[in-house]
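Colleague: Dropping in coords03.cif, which is mmCIF, C-alpha atoms:
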data_run
loop_
_atom_site.label_atom_id
_atom_site.label_comp_id
_atom_site.auth_asym_id
_atom_site.auth_seq_id
_atom_site.Cartn_x
_atom_site.Cartn_y
_atom_site.Cartn_z
CA MET A 1067 -22.71 -46.63 -24.56
CA VAL A 1068 -22.00 -50.31 -24.12
CA GLY A 1069 -21.99 -52.81 -21.27
CA GLY A 1070 -22.40 -56.41 -20.21
CA LEU A 1071 -25.54 -58.40 -19.51
CA PHE A 1072 -26.25 -57.15 -15.99
CA ARG A 1073 -25.76 -53.48 -16.87
CA ASN A 1074 -28.03 -53.83 -19.90
CA MET A 1075 -30.76 -55.43 -17.81
CA LYS A 1076 -30.60 -52.59 -15.29
CA TYR A 1077 -30.37 -49.59 -17.64
CA ASN A 1078 -32.35 -50.43 -20.79
CA LEU A 1079 -33.69 -46.87 -21.10
CA ASP A 1080 -30.25 -45.30 -20.73
CA PHE A 1081 -28.83 -47.63 -23.36
CA TRP A 1082 -31.65 -46.73 -25.74
CA ARG A 1083 -31.50 -42.94 -25.28
CA ASN A 1084 -27.72 -42.53 -25.25
CA ASN A 1085 -27.09 -44.74 -28.26
CA VAL A 1086 -29.91 -43.22 -30.33
CA HIS A 1087 -28.45 -39.76 -29.64
CA ILE A 1088 -24.96 -40.98 -30.61
CA ASN A 1089 -26.28 -42.54 -33.82
CA ASP A 1090 -28.15 -39.43 -34.87
CA ASN A 1091 -25.38 -36.97 -34.00
CA VAL A 1092 -22.67 -38.91 -35.84
CA LEU A 1093 -24.66 -39.59 -39.01
CA HIS A 1094 -26.18 -36.09 -39.14
CA CYS A 1095 -22.77 -34.44 -38.77
CA ALA A 1096 -21.28 -36.79 -41.37
CA HIS A 1097 -23.99 -35.78 -43.84
CA GLU A 1098 -23.72 -32.07 -43.04
CA LEU A 1099 -19.93 -32.11 -43.52
CA GLY A 1100 -20.03 -34.14 -46.73
CA VAL A 1101 -18.37 -37.30 -45.40
CA GLN A 1102 -18.20 -39.79 -48.25
CA LYS A 1103 -18.65 -42.97 -46.26
CA VAL A 1104 -19.49 -44.04 -42.69
CA VAL A 1105 -19.09 -47.58 -41.34
CA SER A 1106 -20.97 -48.13 -38.09
CA CYS A 1107 -20.70 -51.10 -35.76
CA LEU A 1108 -23.81 -53.06 -34.85
CA SER A 1109 -23.98 -56.05 -32.51
CA THR A 1110 -25.09 -59.68 -32.57
CA CYS A 1111 -27.68 -58.86 -29.89
CA ILE A 1112 -29.76 -57.05 -32.52
CA PHE A 1113 -30.91 -60.33 -34.07
CA PRO A 1114 -34.43 -61.55 -33.24
CA ASP A 1115 -34.61 -63.65 -30.10
CA LYS A 1116 -36.65 -66.26 -31.97
CA THR A 1117 -34.82 -67.13 -35.17
CA THR A 1118 -33.43 -70.06 -37.09
CA TYR A 1119 -29.82 -71.07 -37.64
CA PRO A 1120 -27.77 -70.61 -39.66
CA ILE A 1121 -28.85 -66.99 -40.04
CA ASP A 1122 -29.40 -65.88 -43.64
CA GLU A 1123 -26.68 -63.36 -44.46
CA GLY A 1124 -28.85 -61.70 -47.08
CA ARG A 1125 -30.48 -58.40 -46.11
CA GLY A 1126 -28.45 -58.14 -42.93
CA GLY A 1127 -29.59 -61.48 -41.56
CA GLY A 1128 -33.21 -60.33 -41.11
CA ILE A 1129 -32.38 -58.17 -38.10
CA HIS A 1130 -35.84 -56.55 -38.14
CA ASN A 1131 -37.81 -59.81 -38.36
CA GLY A 1132 -38.75 -59.97 -34.69
CA PRO A 1133 -37.99 -58.49 -31.26
CA PRO A 1134 -34.54 -58.96 -29.72
CA HIS A 1135 -33.95 -60.67 -26.40
CA SER A 1136 -35.74 -58.84 -23.59
CA SER A 1137 -32.62 -58.55 -21.42
CA ASN A 1138 -31.02 -55.83 -23.56
CA PHE A 1139 -33.84 -54.56 -25.77
CA GLY A 1140 -32.87 -50.90 -25.28
CA TYR A 1141 -29.37 -51.34 -26.68
CA SER A 1142 -30.55 -53.78 -29.36
CA TYR A 1143 -33.25 -51.52 -30.79
CA ALA A 1144 -30.93 -48.50 -30.70
CA LYS A 1145 -28.35 -50.43 -32.71
CA ARG A 1146 -31.03 -51.56 -35.19
CA MET A 1147 -31.89 -47.90 -35.79
CA ILE A 1148 -28.45 -47.34 -37.31
CA ASP A 1149 -29.52 -49.59 -40.19
CA VAL A 1150 -32.78 -47.65 -40.52
CA GLN A 1151 -30.92 -44.33 -40.65
CA ASN A 1152 -28.35 -45.66 -43.13
CA ARG A 1153 -31.14 -46.67 -45.51
CA ALA A 1154 -32.93 -43.35 -45.08
CA TYR A 1155 -29.79 -41.29 -45.73
CA PHE A 1156 -29.12 -43.34 -48.87
CA GLN A 1157 -32.71 -43.02 -50.10
CA GLN A 1158 -32.95 -39.27 -49.48
CA TYR A 1159 -29.39 -38.07 -50.07
CA GLY A 1160 -27.49 -40.96 -51.67
CA CYS A 1161 -25.11 -41.24 -48.69
CA LYS A 1162 -22.82 -44.27 -48.58
CA PHE A 1163 -23.47 -45.11 -44.94
CA THR A 1164 -23.31 -48.79 -43.95
CA ALA A 1165 -22.64 -51.03 -40.94
CA ILE A 1166 -20.95 -54.25 -39.93
CA ILE A 1167 -22.22 -56.86 -37.49
CA PRO A 1168 -19.28 -58.38 -35.60
CA THR A 1169 -19.37 -60.78 -32.71
CA ASN A 1170 -18.08 -60.56 -29.13
CA VAL A 1171 -14.95 -58.39 -29.30
CA PHE A 1172 -11.98 -58.88 -26.97
CA GLY A 1173 -8.48 -57.50 -26.79
CA PRO A 1174 -6.06 -55.10 -25.12
CA HIS A 1175 -7.55 -52.32 -22.96
CA ASP A 1176 -10.82 -54.22 -22.58
CA ASN A 1177 -13.36 -53.56 -19.82
CA PHE A 1178 -12.50 -56.12 -17.14
CA ASN A 1179 -15.29 -55.07 -14.76
CA MET A 1180 -17.15 -58.22 -13.80
CA GLU A 1181 -20.50 -56.40 -13.61
CA ASP A 1182 -20.26 -54.18 -16.68
CA GLY A 1183 -17.88 -56.05 -18.97
CA HIS A 1184 -18.47 -58.73 -21.57
CA VAL A 1185 -17.94 -62.44 -21.20
CA LEU A 1186 -14.22 -62.92 -21.92
CA PRO A 1187 -12.82 -59.97 -19.93
CA GLY A 1188 -15.22 -60.86 -17.10
CA LEU A 1189 -13.97 -64.45 -17.07
CA ILE A 1190 -10.36 -63.26 -17.16
CA HIS A 1191 -10.94 -61.03 -14.13
CA LYS A 1192 -12.68 -63.83 -12.24
CA ALA A 1193 -9.86 -66.23 -13.06
CA TYR A 1194 -7.28 -63.69 -11.94
CA LEU A 1195 -9.02 -63.26 -8.58
CA ALA A 1196 -9.40 -67.02 -8.13
CA LYS A 1197 -5.70 -67.53 -8.82
CA LYS A 1198 -4.71 -64.69 -6.50
CA GLU A 1199 -6.88 -66.03 -3.66
CA GLY A 1200 -6.13 -69.71 -4.31
CA SER A 1201 -9.85 -70.48 -4.61
CA SER A 1202 -12.07 -72.29 -7.10
CA LEU A 1203 -13.28 -70.39 -10.13
CA THR A 1204 -17.08 -70.02 -10.09
CA VAL A 1205 -18.80 -69.20 -13.39
CA TRP A 1206 -22.50 -68.43 -13.73
CA GLY A 1207 -24.35 -70.73 -16.13
CA SER A 1208 -23.82 -74.27 -17.31
CA GLY A 1209 -20.80 -73.59 -19.54
CA GLU A 1210 -22.71 -75.20 -22.41
CA PRO A 1211 -23.64 -72.19 -24.61
CA TRP A 1212 -21.45 -71.65 -27.67
CA ARG A 1213 -20.12 -68.28 -28.75
CA GLN A 1214 -17.85 -66.72 -31.37
CA PHE A 1215 -15.21 -64.12 -30.58
CA ILE A 1216 -13.11 -61.69 -32.58
CA TYR A 1217 -9.79 -60.11 -31.62
CA SER A 1218 -10.08 -56.31 -31.59
CA LEU A 1219 -7.11 -55.63 -33.89
CA ASP A 1220 -8.44 -58.12 -36.45
CA LEU A 1221 -11.78 -56.32 -36.33
CA ALA A 1222 -9.95 -53.05 -37.02
CA HIS A 1223 -8.45 -54.56 -40.20
CA LEU A 1224 -11.91 -55.73 -41.29
CA PHE A 1225 -13.28 -52.22 -40.71
CA LEU A 1226 -10.68 -50.88 -43.14
CA TRP A 1227 -11.64 -53.51 -45.73
CA VAL A 1228 -15.31 -52.58 -45.46
CA LEU A 1229 -14.44 -48.88 -45.69
CA ARG A 1230 -12.41 -49.38 -48.88
CA GLU A 1231 -14.15 -52.27 -50.64
CA TYR A 1232 -17.73 -52.81 -49.44
CA GLN A 1233 -20.16 -50.64 -51.40
CA GLU A 1234 -23.57 -51.74 -50.10
CA VAL A 1235 -25.87 -50.05 -47.59
CA GLU A 1236 -26.99 -53.44 -46.26
CA PRO A 1237 -25.13 -54.32 -43.05
CA ILE A 1238 -22.52 -56.99 -43.60
CA ILE A 1239 -22.36 -59.97 -41.24
CA LEU A 1240 -18.83 -61.22 -40.58
CA SER A 1241 -19.56 -64.89 -40.02
CA VAL A 1242 -17.96 -68.29 -39.72
CA GLY A 1243 -19.38 -71.78 -39.52
CA GLU A 1244 -20.79 -73.26 -36.35
CA GLU A 1245 -17.83 -75.64 -36.23
CA ASP A 1246 -15.64 -72.69 -35.23
CA GLU A 1247 -17.69 -71.71 -32.18
CA VAL A 1248 -16.25 -72.00 -28.68
CA SER A 1249 -18.19 -73.09 -25.60
CA ILE A 1250 -18.12 -70.94 -22.49
CA ARG A 1251 -16.63 -73.92 -20.69
CA GLY A 1252 -13.90 -74.21 -23.32
CA ALA A 1253 -13.12 -70.50 -23.15
CA THR A 1254 -12.93 -70.67 -19.36
CA GLU A 1255 -10.60 -73.65 -19.44
CA SER A 1256 -8.35 -71.85 -21.93
CA ILE A 1257 -8.12 -68.84 -19.62
CA VAL A 1258 -7.31 -71.06 -16.63
CA GLU A 1259 -4.61 -72.84 -18.63
CA ALA A 1260 -3.12 -69.55 -19.82
CA MET A 1261 -2.93 -68.20 -16.28
CA VAL A 1262 -1.02 -71.30 -15.12
CA PHE A 1263 -3.19 -72.09 -12.12
CA LYS A 1264 -1.73 -74.24 -9.40
CA ARG A 1265 -3.40 -77.63 -9.19
CA ARG A 1266 -5.38 -76.84 -6.04
CA ALA A 1267 -6.98 -73.80 -7.69
CA ARG A 1268 -7.87 -75.29 -11.07
CA ARG A 1269 -11.39 -76.40 -10.10
CA ILE A 1270 -14.08 -74.66 -12.16
CA LEU A 1271 -17.64 -74.55 -10.80
CA PHE A 1272 -20.48 -73.77 -13.21
CA ARG A 1273 -23.65 -72.45 -11.53
CA LYS A 1274 -26.43 -73.96 -13.64
CA GLU A 1275 -29.24 -71.98 -12.03
CA PHE A 1276 -28.22 -69.03 -14.19
CA ARG A 1277 -28.61 -70.47 -17.70
CA ARG A 1278 -28.67 -68.46 -20.87
CA GLN A 1279 -31.65 -69.32 -23.07
CA ASN A 1280 -29.90 -69.65 -26.39
CA ARG A 1281 -27.36 -72.42 -26.90
CA LYS A 1282 -25.99 -71.10 -30.15
CA SER A 1283 -24.58 -67.65 -30.77
CA GLN A 1284 -25.62 -65.34 -33.57
CA MET A 1285 -23.53 -65.26 -36.70
CA SER A 1286 -20.29 -63.30 -36.58
CA CYS A 1287 -16.62 -63.44 -37.48
CA LEU A 1288 -14.24 -65.49 -35.35
CA SER A 1289 -10.60 -64.55 -35.31
CA VAL A 1290 -8.49 -67.49 -34.13
CA ALA A 1291 -6.63 -66.25 -31.09
CA HIS A 1292 -5.12 -67.45 -27.83
CA PHE A 1293 -4.43 -66.03 -24.41
CA HIS A 1294 -1.01 -65.68 -22.88
CA SER A 1295 -0.19 -64.72 -19.32
CA SER A 1296 1.57 -61.45 -18.53
CA ASP A 1297 4.36 -61.48 -15.98
CA ARG A 1298 4.00 -57.75 -15.40
CA ASN A 1299 0.42 -57.65 -14.12
CA GLN A 1300 -0.70 -61.31 -13.94
CA MET A 1301 -3.73 -60.52 -16.08
CA CYS A 1302 -4.29 -62.05 -19.49
CA SER A 1303 -3.24 -60.20 -22.60
CA PHE A 1304 -4.09 -61.30 -26.11
CA GLY A 1305 -2.27 -62.51 -29.20
CA LYS A 1306 -3.09 -64.08 -32.54
CA ARG A 1307 -2.26 -67.67 -33.30
CA HIS A 1308 -0.38 -67.93 -36.57
CA THR A 1309 -1.10 -71.03 -38.61
#
Take the structure I supplied and represent it as structure tokens, if you would.

Modeller:
Amino acid sequence: MVGGLFRNMKYNLDFWRNNVHINDNVLHCAHELGVQKVVSCLSTCIFPDKTTYPIDEGRGGGIHNGPPHSSNFGYSYAKRMIDVQNRAYFQQYGCKFTAIIPTNVFGPHDNFNMEDGHVLPGLIHKAYLAKKEGSSLTVWGSGEPWRQFIYSLDLAHLFLWVLREYQEVEPIILSVGEEDEVSIRGATESIVEAMVFKRRARRILFRKEFRRQNRKSQMSCLSVAHFHSSDRNQMCSFGKRHT
């Protein structure tokens, strides 16, 4: 079970219960059926709310060294429990269960719901509506926080690498330097440019009364990517930039 900020804030208990059940069912069945290796996916939201940057990549970045942000504590703690179970299965049965910690994922077939989706698909949907209606694009927050994003198909390739090559139980953080982060304002402007807004509709309004507390994102892996407009449905699809 996964969702955006507002859905997490509203359903913390549901996120906890559903994800803990998923974790336990998958890992228990894998053990019972003799699966040789399991790679689970954690989330950057599992990191302590109060931490220092850059995050130490050793021992999974210290994910258990403090409480997560209160807005999505149910989902965050449930995801942390995957690491606890992986260690317990290894200690008791020698199972090669591990996890990766990616960043904000985006790509084809994303959830574009503005209430339940994550930041990039939500911005794409808002930009699409603003272009369709010829209105200004209003974005909650200041646009100042910095984030890292990974293209979903690149993440799939990294999953395969971890499955074949990574032999540790410790969760692996897929990280890049802070110089490769993208501001919310920059991401929004890229979406607007990709959608080829008419001049009268290019104005972007950032609502500063809804600020996120943390300026910097947690460590993760950024896949360099760009948006390109689709003539068929006027939404944004995704493609990698080749350098």

Colleague: Would you kindly return, as a PDB file with C-alpha atoms, in the coordinates of the input, each protein, DNA or RNA residue with an atom no farther than 9 Å from any atom of Asn1138 in chain A, considering all atoms listed in the file and excluding same-chain residues fewer than 3 positions away?

Modeller:
ATOM      1  CA  LEU A1071     -25.540 -58.400 -19.510  1.00  0.00           C
ATOM      2  CA  ARG A1073     -25.760 -53.480 -16.870  1.00  0.00           C
ATOM      3  CA  ASN A1074     -28.030 -53.830 -19.900  1.00  0.00           C
ATOM      4  CA  MET A1075     -30.760 -55.430 -17.810  1.00  0.00           C
ATOM      5  CA  LYS A1076     -30.600 -52.590 -15.290  1.00  0.00           C
ATOM      6  CA  TYR A1077     -30.370 -49.590 -17.640  1.00  0.00           C
ATOM      7  CA  ASN A1078     -32.350 -50.430 -20.790  1.00  0.00           C
ATOM      8  CA  PHE A1081     -28.830 -47.630 -23.360  1.00  0.00           C
ATOM      9  CA  CYS A1111     -27.680 -58.860 -29.890  1.00  0.00           C
ATOM     10  CA  PRO A1134     -34.540 -58.960 -29.720  1.00  0.00           C
ATOM     11  CA  HIS A1135     -33.950 -60.670 -26.400  1.00  0.00           C
ATOM     12  CA  TYR A1141     -29.370 -51.340 -26.680  1.00  0.00           C
ATOM     13  CA  SER A1142     -30.550 -53.780 -29.360  1.00  0.00           C
ATOM     14  CA  TYR A1143     -33.250 -51.520 -30.790  1.00  0.00           C
TER      15      TYR A1143
END

Colleague: Calculated over all atoms listed in the file, which of the candidates A:Glu1255, A:Asn1131, A:Phe1113, A:His1087 has the smallest distance to Thr1204 in chain A?

Modeller: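 Ranking A:Glu1255, A:Asn1131, A:Phe1113, A:His1087 by distance to Thr1204 in chain A, first place goes to A:Glu1255.
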
Colleague: Just how far from CA of Ile1166 in chain A is CA of Leu1224 in chain A, in Å to one decimal?

Modeller: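 Value for the CA of Leu1224 in chain A-CA of Ile1166 in chain A distance: 9.3 Å.
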
Colleague: Given all atoms listed in the file as the basis, pick out the residue of A:Thr1254, A:Gln1157, A:Asn1177, A:Gln1233 nearest to Val1104 in chain A.

Modeller: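 Smallest distance to Val1104 in chain A is found for A:Gln1233.
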
Colleague: If I take CA of Gln1151 in chain A and CA of Thr1117 in chain A, how far is one from the other in Å, to one decimal?

Modeller: 23.8 Å

Colleague: Any chance you could work out the residue set of the PyMOL selection byres ((chain A and resi 1232) around 12) here, as a PDB file with C-alpha atoms, in the frame of the given file?

Modeller:
ATOM      1  CA  LYS A1103     -18.650 -42.970 -46.260  1.00  0.00           C
ATOM      2  CA  VAL A1104     -19.490 -44.040 -42.690  1.00  0.00           C
ATOM      3  CA  VAL A1105     -19.090 -47.580 -41.340  1.00  0.00           C
ATOM      4  CA  LYS A1162     -22.820 -44.270 -48.580  1.00  0.00           C
ATOM      5  CA  PHE A1163     -23.470 -45.110 -44.940  1.00  0.00           C
ATOM      6  CA  THR A1164     -23.310 -48.790 -43.950  1.00  0.00           C
ATOM      7  CA  ALA A1165     -22.640 -51.030 -40.940  1.00  0.00           C
ATOM      8  CA  ILE A1166     -20.950 -54.250 -39.930  1.00  0.00           C
ATOM      9  CA  LEU A1224     -11.910 -55.730 -41.290  1.00  0.00           C
ATOM     10  CA  PHE A1225     -13.280 -52.220 -40.710  1.00  0.00           C
ATOM     11  CA  LEU A1226     -10.680 -50.880 -43.140  1.00  0.00           C
ATOM     12  CA  TRP A1227     -11.640 -53.510 -45.730  1.00  0.00           C
ATOM     13  CA  VAL A1228     -15.310 -52.580 -45.460  1.00  0.00           C
ATOM     14  CA  LEU A1229     -14.440 -48.880 -45.690  1.00  0.00           C
ATOM     15  CA  ARG A1230     -12.410 -49.380 -48.880  1.00  0.00           C
ATOM     16  CA  GLU A1231     -14.150 -52.270 -50.640  1.00  0.00           C
ATOM     17  CA  GLN A1233     -20.160 -50.640 -51.400  1.00  0.00           C
ATOM     18  CA  GLU A1234     -23.570 -51.740 -50.100  1.00  0.00           C
ATOM     19  CA  VAL A1235     -25.870 -50.050 -47.590  1.00  0.00           C
ATOM     20  CA  GLU A1236     -26.990 -53.440 -46.260  1.00  0.00           C
ATOM     21  CA  PRO A1237     -25.130 -54.320 -43.050  1.00  0.00           C
ATOM     22  CA  ILE A1238     -22.520 -56.990 -43.600  1.00  0.00           C
ATOM     23  CA  ILE A1239     -22.360 -59.970 -41.240  1.00  0.00           C
TER      24      ILE A1239
END

Colleague: Mind giving me the straight-line distance from CA of Phe1139 in chain A to CA of Pro1174 in chain A in Å, one decimal?

Modeller: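 Atom-to-atom, CA of Phe1139 in chain A to CA of Pro1174 in chain A, that is 27.8 Å.
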
Colleague: Using all atoms listed in the file, find the one residue out of A:Gly1140, A:Arg1146, A:Lys1116, A:Ser1106 that sits nearest to Arg1083 in chain A.

Modeller: A:Gly1140

Colleague: So that I can see what lies close to Ala1096 in chain A, please list as a ChimeraX atom specification the residues with an atom at most 12 Å from it, counting all atoms listed in the file and leaving out residues fewer than 2 positions away in the same chain.

Modeller: /A:1089-1094,1098-1106,1152,1155,1159,1161-1163

Colleague: Which one of A:Asn1085, A:Ser1137, A:Gln1158, A:Ser1218 sits closest to Asp1176 in chain A if you count all atoms listed in the file?

Modeller: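 Ranked by minimum distance to Asp1176 in chain A, first place goes to A:Ser1218.
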
Colleague: How big is the axis-aligned box around all listed atoms of range 1141-1150 of chain A once 3 Å goes on each side, and where's its centre, in Å to one decimal, as JSON?

Modeller:
{"center_x": -30.8, "center_y": -50.6, "center_z": -33.6, "size_x": 10.9, "size_y": 12.4, "size_z": 19.8}
